[in-house]
>>> print(open('query-v3.txt').read())   # compact mmCIF, C-alpha atoms
# COMPACT_ATOMS: atom_id res chain seq x y z
CA MET A 11 116.88 146.67 201.31
CA ARG A 12 117.02 148.79 198.18
CA ILE A 13 117.09 147.18 194.71
CA LEU A 14 117.73 149.08 191.48
CA VAL A 15 116.77 147.45 188.17
CA LEU A 16 117.79 148.85 184.78
CA ARG A 17 115.47 148.28 181.79
CA ALA A 18 115.58 151.59 179.94
CA LEU A 19 114.00 150.42 176.69
CA GLY A 20 110.48 150.28 175.20
CA LEU A 21 107.01 149.08 176.18
CA GLY A 22 107.46 145.52 174.96
CA ASP A 23 110.84 145.30 176.65
CA LEU A 24 109.26 146.33 179.95
CA LEU A 25 106.48 143.75 179.70
CA THR A 26 108.85 140.91 178.85
CA ALA A 27 110.76 141.74 182.05
CA VAL A 28 107.68 141.36 184.29
CA PRO A 29 108.43 137.73 185.30
CA ALA A 30 111.97 138.68 186.34
CA LEU A 31 110.71 141.68 188.29
CA ARG A 32 108.19 139.50 190.10
CA GLY A 33 110.93 137.01 190.86
CA LEU A 34 112.83 139.77 192.62
CA ARG A 35 109.72 140.79 194.54
CA THR A 36 109.14 137.22 195.71
CA ALA A 37 112.77 136.81 196.76
CA PHE A 38 112.89 140.17 198.53
CA PRO A 39 109.33 140.92 199.68
CA ARG A 40 110.30 143.81 201.95
CA ALA A 41 112.70 145.51 199.58
CA GLU A 42 112.09 148.73 197.70
CA ILE A 43 112.38 147.87 194.02
CA ALA A 44 113.15 150.87 191.82
CA LEU A 45 113.05 150.54 188.03
CA ALA A 46 115.27 152.77 185.89
CA ALA A 47 113.27 153.25 182.69
CA PRO A 48 112.04 156.07 180.41
CA ALA A 49 109.56 158.49 181.99
CA TRP A 50 107.00 157.95 179.22
CA LEU A 51 106.52 154.38 180.47
CA ALA A 52 105.17 155.57 183.84
CA ASP A 53 101.59 154.41 183.16
CA ALA A 54 102.83 150.94 182.26
CA VAL A 55 105.25 150.74 185.19
CA ASP A 56 102.37 151.60 187.54
CA ARG A 57 100.65 148.38 186.43
CA VAL A 58 103.60 146.16 187.36
CA ASP A 59 102.97 145.16 190.96
CA ALA A 60 106.61 144.21 191.52
CA VAL A 61 107.89 147.78 191.10
CA ASP A 62 107.67 150.37 193.88
CA ARG A 63 108.85 153.38 191.95
CA LEU A 64 110.15 154.57 188.62
CA VAL A 65 113.55 156.22 188.31
CA PRO A 66 113.28 158.16 185.03
CA THR A 67 116.22 157.66 182.69
CA GLU A 68 116.91 157.18 179.01
CA GLU A 69 118.80 154.36 177.35
CA LEU A 70 122.38 154.23 178.69
CA ALA A 71 122.04 157.65 180.36
CA PRO A 72 123.18 158.33 183.94
CA ILE A 73 120.85 156.94 186.62
CA ASP A 74 119.79 159.22 189.45
CA TYR A 75 119.99 156.65 192.24
CA ASP A 76 122.56 156.29 194.99
CA ARG A 77 124.06 153.16 196.54
CA PRO A 78 121.50 150.38 196.07
CA ASP A 79 122.07 147.22 198.06
CA LEU A 80 121.52 145.25 194.85
CA ALA A 81 121.55 146.38 191.23
CA VAL A 82 120.13 144.14 188.50
CA ASN A 83 120.89 144.66 184.82
CA LEU A 84 117.87 143.63 182.74
CA HIS A 85 118.93 146.02 179.99
CA GLY A 86 121.62 144.09 178.15
CA ARG A 87 125.01 142.46 178.46
CA GLY A 88 127.05 145.65 178.82
CA PRO A 89 129.56 147.09 178.97
CA GLN A 90 127.73 150.46 178.92
CA SER A 91 124.72 149.30 180.96
CA VAL A 92 127.00 147.61 183.48
CA ARG A 93 129.00 150.82 183.86
CA ARG A 94 125.89 152.92 184.40
CA LEU A 95 124.77 150.64 187.21
CA LEU A 96 128.22 150.53 188.79
CA ASP A 97 128.22 154.32 188.76
CA THR A 98 125.34 154.23 191.27
CA GLY A 99 127.62 152.48 193.79
CA PRO A 100 125.80 149.18 194.36
CA HIS A 101 126.87 146.67 196.98
CA ARG A 102 126.24 143.87 194.45
CA LEU A 103 125.38 143.80 190.74
CA ILE A 104 123.72 140.89 188.90
CA THR A 105 124.29 141.10 185.15
CA TYR A 106 125.15 139.31 181.96
CA GLY A 107 128.65 139.98 180.68
CA GLU A 108 132.25 139.36 181.57
CA GLN A 109 133.57 138.90 185.11
CA ASP A 110 136.10 141.74 185.07
CA GLY A 111 137.56 141.33 188.53
CA ASP A 112 135.19 143.71 190.32
CA GLU A 113 134.08 141.73 193.39
CA ARG A 114 130.70 143.51 193.35
CA VAL A 115 129.78 142.04 189.97
CA LEU A 116 128.00 138.68 189.75
CA ALA A 117 128.19 138.01 186.01
CA ALA A 118 126.75 135.27 183.80
CA ARG A 119 127.41 134.36 180.19
CA TRP A 120 124.97 135.87 177.68
CA PRO A 121 122.66 133.23 176.14
CA ASP A 122 122.08 133.50 172.40
CA GLN A 123 118.81 132.49 170.75
CA ARG A 124 116.81 132.58 173.97
CA HIS A 125 113.27 133.91 174.38
CA GLU A 126 113.42 137.32 176.03
CA MET A 127 111.34 136.33 179.07
CA LEU A 128 113.41 133.21 179.61
CA ARG A 129 116.67 135.13 179.20
CA TRP A 130 116.07 137.37 182.22
CA CYS A 131 114.56 134.65 184.37
CA ASP A 132 117.63 132.53 183.62
CA LEU A 133 119.87 135.34 184.86
CA LEU A 134 118.10 135.49 188.22
CA ARG A 135 117.71 131.75 188.64
CA GLY A 136 121.45 131.44 188.11
CA LYS A 137 121.83 133.53 191.27
CA ALA A 138 119.37 131.41 193.30
CA ILE A 139 116.42 133.78 192.76
CA ARG A 140 113.35 131.80 191.77
CA CYS A 141 111.54 133.14 188.74
CA ASP A 142 108.49 131.91 186.77
CA PRO A 143 108.69 132.94 183.09
CA ASP A 144 104.94 132.34 182.73
CA ASP A 145 104.10 134.92 185.41
CA PHE A 146 103.62 137.77 182.94
CA ARG A 147 99.91 138.65 183.15
CA LEU A 148 98.68 142.07 184.21
CA PRO A 149 95.45 142.50 186.24
CA PRO A 150 92.30 143.06 184.11
CA VAL A 151 91.18 146.65 183.64
CA GLY A 152 87.60 146.12 182.47
CA ALA A 153 85.13 143.96 180.60
CA ARG A 154 85.94 142.66 177.13
CA THR A 155 84.51 144.79 174.30
CA GLY A 156 83.74 143.98 170.68
CA LYS A 157 86.53 146.15 169.30
CA ILE A 158 89.22 144.85 166.96
CA VAL A 159 92.45 146.81 167.34
CA ILE A 160 94.78 147.19 164.37
CA HIS A 161 98.15 148.77 165.13
CA PRO A 162 100.14 149.33 161.90
CA GLY A 163 103.15 151.05 163.46
CA ALA A 164 106.47 149.62 164.59
CA SER A 165 109.75 150.96 165.92
CA THR A 166 111.62 150.15 162.70
CA GLY A 167 110.68 149.83 159.06
CA ALA A 168 111.80 146.20 159.02
CA ARG A 169 108.92 145.27 161.36
CA ARG A 170 106.27 147.30 159.53
CA TRP A 171 103.90 145.30 157.35
CA PRO A 172 102.70 147.41 154.37
CA VAL A 173 100.02 149.89 155.37
CA GLU A 174 97.95 148.99 152.30
CA ARG A 175 97.64 145.43 153.58
CA TYR A 176 96.55 146.63 157.01
CA ALA A 177 93.93 148.77 155.27
CA ALA A 178 92.64 145.74 153.36
CA VAL A 179 92.36 143.76 156.60
CA ALA A 180 90.52 146.65 158.25
CA ARG A 181 88.00 146.88 155.40
CA ALA A 182 87.35 143.15 155.52
CA LEU A 183 86.80 143.09 159.29
CA GLY A 184 84.31 145.97 159.22
CA PRO A 185 83.09 148.67 161.62
CA GLU A 186 84.39 147.04 164.81
CA VAL A 187 87.96 147.95 163.79
CA VAL A 188 89.81 150.63 165.75
CA VAL A 189 93.20 151.78 164.42
CA THR A 190 95.78 152.91 166.97
CA ALA A 191 98.88 155.02 166.55
CA GLY A 192 102.00 155.50 168.60
CA PRO A 193 104.03 158.73 168.80
CA GLY A 194 104.61 160.11 165.32
CA GLU A 195 102.47 157.40 163.67
CA ARG A 196 99.13 159.20 163.22
CA ALA A 197 99.70 159.87 159.50
CA LEU A 198 100.59 156.23 158.95
CA ALA A 199 97.52 155.05 160.85
CA ARG A 200 95.22 157.38 158.90
CA ARG A 201 96.22 155.53 155.74
CA VAL A 202 94.52 152.50 157.29
CA SER A 203 91.44 154.32 158.57
CA ARG A 204 90.27 157.89 159.09
CA THR A 205 89.26 156.91 162.62
CA VAL A 206 92.48 156.71 164.61
CA VAL A 207 93.00 156.44 168.37
CA ALA A 208 96.25 158.06 169.52
CA GLY A 209 95.70 158.80 173.20
CA THR A 210 97.93 158.36 176.20
CA LEU A 211 99.80 155.18 176.93
CA ALA A 212 97.24 154.32 179.62
CA GLU A 213 94.38 154.74 177.15
CA LEU A 214 96.13 152.58 174.56
CA MET A 215 96.80 149.83 177.09
CA ASP A 216 93.18 149.88 178.32
CA LEU A 217 91.90 149.68 174.75
CA VAL A 218 94.10 146.67 173.97
CA ALA A 219 93.34 145.05 177.32
CA THR A 220 89.60 145.04 176.66
CA ALA A 221 89.59 144.42 172.89
CA ARG A 222 88.14 141.37 171.19
CA LEU A 223 91.19 140.97 168.95
CA VAL A 224 94.50 142.72 168.23
CA ILE A 225 96.32 142.59 164.89
CA CYS A 226 99.80 144.10 164.80
CA GLY A 227 103.45 143.56 164.08
CA ASP A 228 106.22 142.56 166.44
CA THR A 229 105.89 145.62 168.64
CA GLY A 230 104.94 146.77 172.14
CA VAL A 231 101.21 146.51 171.47
CA ALA A 232 101.64 142.76 170.89
CA HIS A 233 103.11 142.40 174.37
CA VAL A 234 100.25 144.39 175.87
CA ALA A 235 97.82 141.92 174.28
CA THR A 236 99.82 139.02 175.69
CA ALA A 237 99.88 140.57 179.16
CA TYR A 238 96.10 140.98 179.18
CA ARG A 239 95.28 137.71 177.41
CA THR A 240 93.67 139.60 174.55
CA PRO A 241 93.46 137.34 171.47
CA SER A 242 96.01 138.49 168.93
CA VAL A 243 97.49 137.90 165.50
CA VAL A 244 101.12 139.07 165.47
CA LEU A 245 103.08 139.45 162.23
CA PHE A 246 106.78 138.60 162.51
CA GLY A 247 109.50 139.48 160.03
CA PRO A 248 113.18 139.83 160.83
CA VAL A 249 112.96 138.25 164.31
CA SER A 250 111.55 134.81 165.12
CA PRO A 251 108.53 134.55 167.45
CA ARG A 252 110.54 131.93 169.32
CA LEU A 253 112.57 134.85 170.68
CA TRP A 254 109.93 137.57 171.11
CA GLY A 255 106.52 136.00 170.47
CA PRO A 256 103.67 135.26 172.90
CA ARG A 257 104.59 132.27 175.03
CA ARG A 258 101.04 131.04 175.62
CA GLY A 259 97.46 132.18 175.38
CA PRO A 260 94.90 132.94 172.63
CA HIS A 261 97.50 134.20 170.17
CA ARG A 262 98.81 133.36 166.70
CA ALA A 263 102.25 134.40 165.53
CA LEU A 264 102.67 134.45 161.74
CA TRP A 265 106.20 133.97 160.50
CA HIS A 266 107.66 132.56 157.29
CA GLY A 267 110.87 131.26 158.81
CA ARG A 268 113.21 133.99 157.65
CA THR A 269 115.40 136.23 159.83
CA GLY A 270 116.92 139.53 158.80
CA ASP A 271 118.10 142.98 159.83
CA THR A 272 115.89 144.25 162.66
CA PHE A 273 116.94 147.86 162.08
CA ALA A 274 116.48 148.02 158.31
CA ASP A 275 114.38 150.84 156.88
CA ASP A 276 112.29 148.65 154.58
CA PRO A 277 109.90 145.83 155.51
CA ASP A 278 111.67 142.53 155.99
CA PRO A 279 111.29 140.17 152.98
CA GLY A 280 109.95 137.45 155.27
CA LEU A 281 107.33 139.82 156.67
CA LEU A 282 106.24 140.67 153.13
CA ARG A 283 105.46 137.01 152.49
CA ILE A 284 102.53 137.25 154.90
CA THR A 285 99.39 137.91 152.86
CA VAL A 286 96.13 139.68 153.65
CA ASP A 287 94.21 136.45 153.13
CA GLU A 288 96.51 134.65 155.56
CA VAL A 289 95.94 137.26 158.25
CA LEU A 290 92.17 137.21 157.75
CA GLU A 291 92.04 133.41 157.86
CA VAL A 292 94.03 133.24 161.09
CA ALA A 293 92.09 136.13 162.62
CA GLY A 294 88.86 134.29 161.94
CA GLY A 295 90.19 131.23 163.72
CA VAL A 296 91.23 133.26 166.74
CA LEU A 297 87.86 135.03 166.90
CA CYS A 298 86.07 131.68 166.75
CA GLY A 299 88.27 130.30 169.52
CA SER A 300 89.85 127.55 167.44
CA ALA A 301 93.34 128.95 168.01
CA SER A 302 93.17 129.46 171.77
CA SER A 303 96.31 128.55 173.66
CA VAL A 304 98.15 127.97 170.38
CA ARG A 305 101.18 129.69 168.94
CA ALA A 306 101.79 128.86 165.31
CA THR A 307 104.23 129.87 162.63
CA SER A 308 103.46 129.81 158.95
CA ALA A 309 105.42 127.64 156.57
>>> encode(input="query-v3.txt", output="structure tokens")
Amino acid sequence: MRILVLRALGLGDLLTAVPALRGLRTAFPRAEIALAAPAWLADAVDRVDAVDRLVPTEELAPIDYDRPDLAVNLHGRGPQSVRRLLDTGPHRLITYGEQDGDERVLAARWPDQRHEMLRWCDLLRGKAIRCDPDDFRLPPVGARTGKIVIHPGASTGARRWPVERYAAVARALGPEVVVTAGPGERALARRVSRTVVAGTLAELMDLVATARLVICGDTGVAHVATAYRTPSVVLFGPVSPRLWGPRRGPHRALWHGRTGDTFADDPDPGLLRITVDEVLEVAGGVLCGSASSVRATSA
């Protein structure tokens, strides 16, 4: 059996889909599971034991795969993602969206205000495929170090806490701090510290996986920390941690209860309400172990 899964988004999106991918693996242990996702995620895809191979593609681009027995849309509700999967000629397609009369399509209604991991597990469970939303860990890659990772970047300005505040946190936490940068973010990271790590995706994931603590915004690095059970402090702005935050583990999600425009250019007003002192206080609690297995939001 050949299964094609579409999730052509970012690093965090991939990691929140791990429980659903493992549900497919458990249901179809002998199947080849191919994941259609961007090529730059190859190092991360290699760490997901439920995936046999990567089919490189970009968001909503054509997929170079022919006639899967089952296609699964973990990308969105359509219609573009549904059409891209139907173009591969699947025997069956599991997706959110409208039942448009195509007998190949097994559609379910899109759930609003649902945590991302639960959303995709719900889709599969609705089609009698068992799925555990708490099965999101990745295998350890090494011993825990004393490093504190600060990642100031984010995919949009709305999710980016002011760099001056990150710099203040870095100064307070001392020489154990390592600042990381994603593609195109080196200049931003250097405003936090002159020592910046901007290696490959594999190097970034290994650094986060073995760190003592991670401090970042609502971005892919936060999901890497969750996957490796690395203690973290995650700063939320326009999106609630109830939708994208760590579900369990030694993590704290700071949020001031305000939602906004995820794609805005400027930092979300709710994100700006998080102070340096607040981050340092919570980070100290996480480092001391008092916040283990707790997810909290600020008032």
>>> residues_near_point(input="query-v3.txt", point="(93.1, 134.2, 158.2)", cutoff="12 Å", atoms="only C-alpha atoms", output="ChimeraX atom specification")
/A:179,182-183,225,242-245,262-264,284-298,300-301,308
>>> axis_aligned_box(input="query-v3.txt", around="stretch 123-134 of chain A", padding_each_side="8 Å", output="AutoDock Vina command-line options")
--center_x 115.6 --center_y 134.9 --center_z 179.5 --size_x 24.5 --size_y 20.9 --size_z 33.5
>>> closest_atom_pairs(input="query-v3.txt", of="stretch 174-289 of chain A", to="stretch 42-52 of chain A", cutoff="10 Å", atoms="all atoms listed in the file", output="tab-separated table")
residue	atom	partner	partner_atom	distance
A:Thr210	CA	A:Trp50	CA	9.6
A:Leu211	CA	A:Leu51	CA	7.6
A:Ala212	CA	A:Ala52	CA	9.1
>>> closest_residue(input="query-v3.txt", among="A:Ala221, A:Leu133, A:Leu70, A:Val151", to="A:Gln90", atoms="all atoms listed in the file")
A:Leu70
>>> closest_atom_pairs(input="query-v3.txt", of="stretch 190-258 of chain A", to="stretch 152-166 of chain A", cutoff="7 Å", atoms="all atoms listed in the file", output="JSON lines")
{"residue": "A:Thr190", "atom": "CA", "partner": "A:His161", "partner_atom": "CA", "distance": 5.1}
{"residue": "A:Ala191", "atom": "CA", "partner": "A:His161", "partner_atom": "CA", "distance": 6.5}
{"residue": "A:Gly192", "atom": "CA", "partner": "A:Gly163", "partner_atom": "CA", "distance": 6.9}
{"residue": "A:Glu195", "atom": "CA", "partner": "A:Gly163", "partner_atom": "CA", "distance": 6.4}
{"residue": "A:Ala199", "atom": "CA", "partner": "A:Pro162", "partner_atom": "CA", "distance": 6.4}
{"residue": "A:Val218", "atom": "CA", "partner": "A:Val159", "partner_atom": "CA", "distance": 6.8}
{"residue": "A:Thr220", "atom": "CA", "partner": "A:Arg154", "partner_atom": "CA", "distance": 4.4}
{"residue": "A:Ala221", "atom": "CA", "partner": "A:Lys157", "partner_atom": "CA", "distance": 5.0}
{"residue": "A:Arg222", "atom": "CA", "partner": "A:Gly156", "partner_atom": "CA", "distance": 5.1}
{"residue": "A:Leu223", "atom": "CA", "partner": "A:Ile158", "partner_atom": "CA", "distance": 4.8}
{"residue": "A:Val224", "atom": "CA", "partner": "A:Val159", "partner_atom": "CA", "distance": 4.7}
{"residue": "A:Ile225", "atom": "CA", "partner": "A:Ile160", "partner_atom": "CA", "distance": 4.9}
{"residue": "A:Cys226", "atom": "CA", "partner": "A:His161", "partner_atom": "CA", "distance": 5.0}
{"residue": "A:Gly227", "atom": "CA", "partner": "A:Ala164", "partner_atom": "CA", "distance": 6.8}
{"residue": "A:Thr229", "atom": "CA", "partner": "A:Ala164", "partner_atom": "CA", "distance": 5.7}
>>> residues_around(input="query-v3.txt", residues="A:Ala81", least_positions_apart="4", cutoff="8 Å", atoms="all atoms listed in the file", output="number ranges by chain")
A: 13-16, 95, 100-104
>>> closest_residue(input="query-v3.txt", among="A:Arg196, A:Val82, A:Arg17, A:Val187", to="A:Pro66", atoms="only C-alpha atoms")
A:Arg17
>>> atom_distance(input="query-v3.txt", atom1="atom CA of A:Ala168", atom2="atom CA of A:Leu281")
8.1 Å
>>> closest_residue(input="query-v3.txt", among="A:Ala18, A:Leu198, A:Ala30, A:Met11", to="A:Arg77", atoms="all atoms listed in the file")
A:Met11
>>> closest_residue(input="query-v3.txt", among="A:Cys141, A:Phe273, A:Gly86, A:Leu80", to="A:Val115", atoms="all atoms listed in the file")
A:Leu80
>>> residues_around(input="query-v3.txt", residues="A:Pro89", least_positions_apart="6", cutoff="10 Å", atoms="only C-alpha atoms", output="count of residues only")
3
>>> atom_distance(input="query-v3.txt", atom1="atom CA of A:Tyr238", atom2="atom CA of A:Phe146")
9.0 Å
>>> residues_near_point(input="query-v3.txt", point="(108.0, 136.3, 196.5)", cutoff="12 Å", atoms="all atoms listed in the file", output="ChimeraX atom specification")
/A:29-41,59-60,139-142,145
>>> closest_residue(input="query-v3.txt", among="A:Leu21, A:Ala27, A:Ala180, A:Ala54", to="A:Trp130", atoms="all atoms listed in the file")
A:Ala27
>>> atom_distance(input="query-v3.txt", atom1="atom CA of A:Val207", atom2="atom CA of A:Glu174")
18.4 Å
>>> closest_residue(input="query-v3.txt", among="A:Arg201, A:Val231, A:Arg135, A:Pro193", to="A:Tyr176", atoms="only C-alpha atoms")
A:Arg201
>>> residues_around(input="query-v3.txt", residues="A:Met127", least_positions_apart="2", cutoff="9 Å", atoms="only C-alpha atoms", output="PyMOL selection string")
chain A and resi 25-30+124-125+129-132+143-144+146+253-254+257
>>> residues_around(input="query-v3.txt", residues="A:Pro279", least_positions_apart="4", cutoff="9 Å", atoms="all atoms listed in the file", output="PyMOL selection string")
chain A and resi 168+247-248+268-270+283
